[in-house]
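Single-structure report; data block below.
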Amino acid sequence: MFDWDGTLFDVFDFLVDTYTKVFSEIGVEPWPQEKYRTEFRCDWKSLLIDMGMEQHLDHLIDVWNTEKYEKENELKLHDGAFECVKKLSADKTLGIVSSAPKEILRSEVKRFGLDKYMDLVLSFEDTENNKPHPEPLLTAAKILDLDTSKTVYVGDMVEDIQSAKSAGVRPIAVSWGIHSPKTLEKEKPDYIAKTFQDLLEYIETLD
């Protein structure tokens, strides 16, 4: 199972640019880019309190959606993501478990042609609790009838690792997403992949 934003979908620069735009509009000091590498969270709504933007949730969502629509052709999958998913789909059950909103997530997965390789796409709205809670991964495993001890979850953030561990799923981190490798190392994932080819080779070693 894969996370989406940051793991398969290259969203970091867009994320920083969009938040910086809203910071500037409301007169709040923007976060430096490196702060996102250590402190950004999947639960971005609660994060707005730390950012000083708790009163501007609706505006942030409006700007995010507008910017995503306007820059749709600029936003891409990470290099190697499509090929990795296609290869794995030949003999493995695949799914996406994301904290992204359902409509946007499904639209993006379909736009990049990954929907035909995914047995499940699980979004923010599909569970009562979200990462780092284990519920999203446990729900996905139940729907797909997977043995959690033989299931891996590939993600780019601390919460991905925490969610996998608490669900009894093997956590694999990737170095090219939102959180830095140093930040991810503190959570002790089973492995940190440096490239998608690296990820493929590691998965092939698993029982």
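Just remember, in the structure tokens the first chain shown is A, the second B, etc., residues are 1-based per chain, and ligands are 1-based in the order shown.
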
*asked:* Applying 12 Å and only C-alpha atoms, which residues near Pro181 of chain A remain after dropping the ones on its own chain fewer than 3 positions away? List them as a VMD selection string.
replied: chain A and resid 37 to 38 155 to 158 172 to 178 184 to 189 191 to 194

Since we have the selection now, will you write its residues out, keeping C-alpha atoms, as a PDB file, in the first residue's frame?
ATOM      1  CA  ARG A  37      10.769  18.806   6.222  1.00  0.00           C
ATOM      2  CA  THR A  38      10.519  18.246   9.971  1.00  0.00           C
ATOM      3  CA  GLY A 155       5.157   6.660   2.856  1.00  0.00           C
ATOM      4  CA  ASP A 156       7.131   9.876   3.087  1.00  0.00           C
ATOM      5  CA  MET A 157       6.078  11.192   6.496  1.00  0.00           C
ATOM      6  CA  VAL A 158       6.493  10.291  10.155  1.00  0.00           C
ATOM      7  CA  ILE A 172       8.883   1.582   4.333  1.00  0.00           C
ATOM      8  CA  ALA A 173       9.889   5.241   4.081  1.00  0.00           C
ATOM      9  CA  VAL A 174      11.001   7.135   0.986  1.00  0.00           C
ATOM     10  CA  SER A 175      13.649   9.849   0.939  1.00  0.00           C
ATOM     11  CA  TRP A 176      12.144  12.043  -1.795  1.00  0.00           C
ATOM     12  CA  GLY A 177       8.943  13.218  -0.110  1.00  0.00           C
ATOM     13  CA  ILE A 178       7.985  15.829   2.479  1.00  0.00           C
ATOM     14  CA  LEU A 184      12.128   9.629   9.117  1.00  0.00           C
ATOM     15  CA  GLU A 185      15.072   7.716  10.596  1.00  0.00           C
ATOM     16  CA  LYS A 186      13.961   8.666  14.111  1.00  0.00           C
ATOM     17  CA  GLU A 187      10.821   6.549  13.647  1.00  0.00           C
ATOM     18  CA  LYS A 188      12.886   3.483  12.697  1.00  0.00           C
ATOM     19  CA  PRO A 189      11.113   2.292   9.539  1.00  0.00           C
ATOM     20  CA  TYR A 191      13.768   0.580   5.258  1.00  0.00           C
ATOM     21  CA  ILE A 192      14.275   4.003   3.645  1.00  0.00           C
ATOM     22  CA  ALA A 193      14.257   3.826  -0.153  1.00  0.00           C
ATOM     23  CA  LYS A 194      16.370   6.336  -2.074  1.00  0.00           C
TER      24      LYS A 194
END

Give one line per residue of segment 51-74 of chain A that approaches segment 95-106 of chain A to at most 12 Å, naming the two atoms of the closest pair and their distance in Å to one decimal, counting only C-alpha atoms; sort by chain then ascending residue number and deliver it as JSON lines.
{"residue": "A:Ile61", "atom": "CA", "partner": "A:Pro101", "partner_atom": "CA", "distance": 10.9}
{"residue": "A:Trp64", "atom": "CA", "partner": "A:Ile104", "partner_atom": "CA", "distance": 11.1}
{"residue": "A:Asn65", "atom": "CA", "partner": "A:Ile104", "partner_atom": "CA", "distance": 8.8}
{"residue": "A:Thr66", "atom": "CA", "partner": "A:Ile104", "partner_atom": "CA", "distance": 11.9}
{"residue": "A:Lys68", "atom": "CA", "partner": "A:Ile104", "partner_atom": "CA", "distance": 9.5}
{"residue": "A:Tyr69", "atom": "CA", "partner": "A:Ile104", "partner_atom": "CA", "distance": 10.2}
{"residue": "A:Glu72", "atom": "CA", "partner": "A:Ile104", "partner_atom": "CA", "distance": 11.4}

Dump C-alpha atoms for the selected residues as an mmCIF file, in the first residue's frame?
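Listed below is the output, result_23.cif:
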data_model
loop_
_atom_site.group_PDB
_atom_site.id
_atom_site.type_symbol
_atom_site.label_atom_id
_atom_site.label_comp_id
_atom_site.auth_asym_id
_atom_site.auth_seq_id
_atom_site.Cartn_x
_atom_site.Cartn_y
_atom_site.Cartn_z
ATOM 1 C CA ILE A 61 -8.721 25.256 1.223
ATOM 2 C CA TRP A 64 -5.279 25.129 -2.407
ATOM 3 C CA ASN A 65 -8.087 23.974 -4.695
ATOM 4 C CA THR A 66 -7.725 26.970 -7.015
ATOM 5 C CA LYS A 68 -4.248 22.851 -7.930
ATOM 6 C CA TYR A 69 -6.712 23.468 -10.733
ATOM 7 C CA GLU A 72 -2.774 20.851 -12.865
#

_as a ChimeraX atom specification, please: every residue in segment 39-102 of chain A that a backbone DSSP assignment puts in strand (DSSP E or B)._
/A:77,95-97

*asked:* Taking only chain A into account, list the residues labelled helix (DSSP H, G or I) by DSSP (computed from the backbone), as a PyMOL selection string.
replied: chain A and resi 12-26+33-39+44-51+54-70+81-89+102-111+115-117+124-126+135-144+148-150+158-167+181-185+196-205

*Kindly indicate which residue among A:Pro171, A:Asp5, A:Asn129, A:Val11 lies nearest to Val154 of chain A, using only C-alpha atoms for the distances.*
A:Pro171

*Just the residues within 12 Å of Pro30 of chain A, please, counting only C-alpha atoms, with nothing from its chain fewer than 5 positions along; format it as a ChimeraX atom specification.*
/A:16-25,35-36,50-53

For the residues in that selection, give me N, CA and C atoms as an mmCIF file, in the first residue's frame.
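Okay, this is what ended up in result.cif:
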data_model
loop_
_atom_site.group_PDB
_atom_site.id
_atom_site.type_symbol
_atom_site.label_atom_id
_atom_site.label_comp_id
_atom_site.auth_asym_id
_atom_site.auth_seq_id
_atom_site.Cartn_x
_atom_site.Cartn_y
_atom_site.Cartn_z
ATOM 1 N N VAL A 16 4.578 24.018 -0.344
ATOM 2 C CA VAL A 16 5.269 25.163 0.248
ATOM 3 C C VAL A 16 4.803 26.459 -0.398
ATOM 4 N N ASP A 17 4.699 26.487 -1.722
ATOM 5 C CA ASP A 17 4.288 27.700 -2.429
ATOM 6 C C ASP A 17 2.878 28.127 -2.044
ATOM 7 N N THR A 18 1.966 27.164 -1.925
ATOM 8 C CA THR A 18 0.576 27.482 -1.595
ATOM 9 C C THR A 18 0.450 28.008 -0.175
ATOM 10 N N TYR A 19 1.097 27.338 0.771
ATOM 11 C CA TYR A 19 1.045 27.811 2.154
ATOM 12 C C TYR A 19 1.712 29.175 2.289
ATOM 13 N N THR A 20 2.824 29.378 1.586
ATOM 14 C CA THR A 20 3.518 30.664 1.643
ATOM 15 C C THR A 20 2.629 31.779 1.101
ATOM 16 N N LYS A 21 1.884 31.489 0.052
ATOM 17 C CA LYS A 21 0.971 32.482 -0.504
ATOM 18 C C LYS A 21 -0.085 32.888 0.516
ATOM 19 N N VAL A 22 -0.641 31.920 1.216
ATOM 20 C CA VAL A 22 -1.668 32.223 2.224
ATOM 21 C C VAL A 22 -1.048 32.952 3.414
ATOM 22 N N PHE A 23 0.134 32.531 3.847
ATOM 23 C CA PHE A 23 0.847 33.248 4.909
ATOM 24 C C PHE A 23 0.952 34.731 4.558
ATOM 25 N N SER A 24 1.390 34.997 3.348
ATOM 26 C CA SER A 24 1.608 36.387 2.915
ATOM 27 C C SER A 24 0.301 37.159 2.870
ATOM 28 N N GLU A 25 -0.750 36.525 2.410
ATOM 29 C CA GLU A 25 -2.050 37.202 2.284
ATOM 30 C C GLU A 25 -2.632 37.604 3.631
ATOM 31 N N LYS A 35 11.491 23.857 7.444
ATOM 32 C CA LYS A 35 10.602 23.541 8.562
ATOM 33 C C LYS A 35 9.533 22.524 8.142
ATOM 34 N N TYR A 36 9.119 22.574 6.888
ATOM 35 C CA TYR A 36 8.156 21.588 6.396
ATOM 36 C C TYR A 36 8.756 20.187 6.426
ATOM 37 N N ASP A 50 -0.494 25.774 14.983
ATOM 38 C CA ASP A 50 0.936 26.033 15.144
ATOM 39 C C ASP A 50 1.417 27.096 14.160
ATOM 40 N N MET A 51 0.774 27.141 13.005
ATOM 41 C CA MET A 51 1.187 28.074 11.964
ATOM 42 C C MET A 51 0.606 29.483 12.166
ATOM 43 N N GLY A 52 -0.344 29.598 13.094
ATOM 44 C CA GLY A 52 -0.994 30.888 13.290
ATOM 45 C C GLY A 52 -2.069 31.165 12.253
ATOM 46 N N MET A 53 -2.572 30.089 11.629
ATOM 47 C CA MET A 53 -3.580 30.259 10.581
ATOM 48 C C MET A 53 -4.901 29.572 10.920
#

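Relative to atom CA of Phe40 of chain A, atom CA of Tyr117 of chain A is found at 29.3 Å.
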
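When atom CA of Ile49 of chain A is paired with atom CA of Leu75 of chain A, their separation reads 27.6 Å.
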
*Mind pulling up the distance from atom CA of Leu146 of chain A to atom CA of Asp126 of chain A?*
18.0 Å

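Nearest residue to Lys150 of chain A, choosing from A:Val63, A:Leu94, A:Val169, A:Met118 and counting only C-alpha atoms: A:Val169.
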
*So which residues touch Glu135 of chain A within 10 Å, counting only C-alpha atoms, skipping near sequence neighbours fewer than 5 positions away, as a PyMOL selection string?*
chain A and resi 126-130+140-141+163-164+166-167

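Distances from A:Ser123, A:Ser89, A:Gln33, A:Gln162 to Leu200 of chain A were compared using only C-alpha atoms, and the smallest one belongs to A:Ser89.
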
Contacts of Leu77 of chain A at 10 Å (only C-alpha atoms; same-chain gap of 6+ positions) as a PDB file with N, CA and C atoms, in the first residue's frame:
ATOM      1  N   TRP A   4      -0.030   8.796  -0.909  1.00  0.00           N
ATOM      2  CA  TRP A   4      -0.138   9.482  -2.201  1.00  0.00           C
ATOM      3  C   TRP A   4       0.735  10.739  -2.261  1.00  0.00           C
ATOM      4  N   ASP A   5       0.290  11.817  -1.580  1.00  0.00           N
ATOM      5  CA  ASP A   5       1.022  13.092  -1.648  1.00  0.00           C
ATOM      6  C   ASP A   5       2.426  12.944  -1.081  1.00  0.00           C
ATOM      7  N   GLY A   6       3.413  13.274  -1.900  1.00  0.00           N
ATOM      8  CA  GLY A   6       4.799  13.208  -1.462  1.00  0.00           C
ATOM      9  C   GLY A   6       5.467  11.878  -1.746  1.00  0.00           C
ATOM     10  N   THR A   7       4.677  10.811  -1.803  1.00  0.00           N
ATOM     11  CA  THR A   7       5.226   9.471  -2.023  1.00  0.00           C
ATOM     12  C   THR A   7       5.185   9.102  -3.502  1.00  0.00           C
ATOM     13  N   LEU A   8       3.998   9.090  -4.074  1.00  0.00           N
ATOM     14  CA  LEU A   8       3.870   8.872  -5.515  1.00  0.00           C
ATOM     15  C   LEU A   8       3.731  10.204  -6.261  1.00  0.00           C
ATOM     16  N   PHE A   9       3.001  11.126  -5.653  1.00  0.00           N
ATOM     17  CA  PHE A   9       2.692  12.410  -6.269  1.00  0.00           C
ATOM     18  C   PHE A   9       3.648  13.480  -5.746  1.00  0.00           C
ATOM     19  N   ASP A  10       4.331  14.162  -6.657  1.00  0.00           N
ATOM     20  CA  ASP A  10       5.339  15.169  -6.284  1.00  0.00           C
ATOM     21  C   ASP A  10       4.648  16.478  -5.920  1.00  0.00           C
ATOM     22  N   VAL A  11       4.478  16.703  -4.612  1.00  0.00           N
ATOM     23  CA  VAL A  11       3.656  17.827  -4.170  1.00  0.00           C
ATOM     24  C   VAL A  11       4.402  18.827  -3.292  1.00  0.00           C
ATOM     25  N   GLU A 108      -6.916  12.639  -9.182  1.00  0.00           N
ATOM     26  CA  GLU A 108      -5.485  12.639  -9.488  1.00  0.00           C
ATOM     27  C   GLU A 108      -4.991  11.248  -9.846  1.00  0.00           C
ATOM     28  N   VAL A 109      -5.419  10.253  -9.099  1.00  0.00           N
ATOM     29  CA  VAL A 109      -4.997   8.874  -9.378  1.00  0.00           C
ATOM     30  C   VAL A 109      -5.431   8.467 -10.782  1.00  0.00           C
ATOM     31  N   PHE A 112      -3.416  10.282 -13.728  1.00  0.00           N
ATOM     32  CA  PHE A 112      -2.087   9.738 -14.005  1.00  0.00           C
ATOM     33  C   PHE A 112      -2.120   8.272 -14.435  1.00  0.00           C
TER      34      PHE A 112
END

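Minimum atom-to-atom distance to Lys116 of chain A, evaluated using only C-alpha atoms, belongs to A:Thr93 out of A:Thr93, A:Ser180, A:Gln197, A:Thr148.
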
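Distances here use only C-alpha atoms; by that measure, the residue among A:Glu70, A:Glu34, A:Glu201, A:Asp160 closest to Asp13 of chain A is A:Glu34.
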
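With only C-alpha atoms as the atoms that count, the residue of A:Cys84, A:Leu144, A:Leu57, A:Ala90 with the shortest distance to Leu122 of chain A is A:Leu144.
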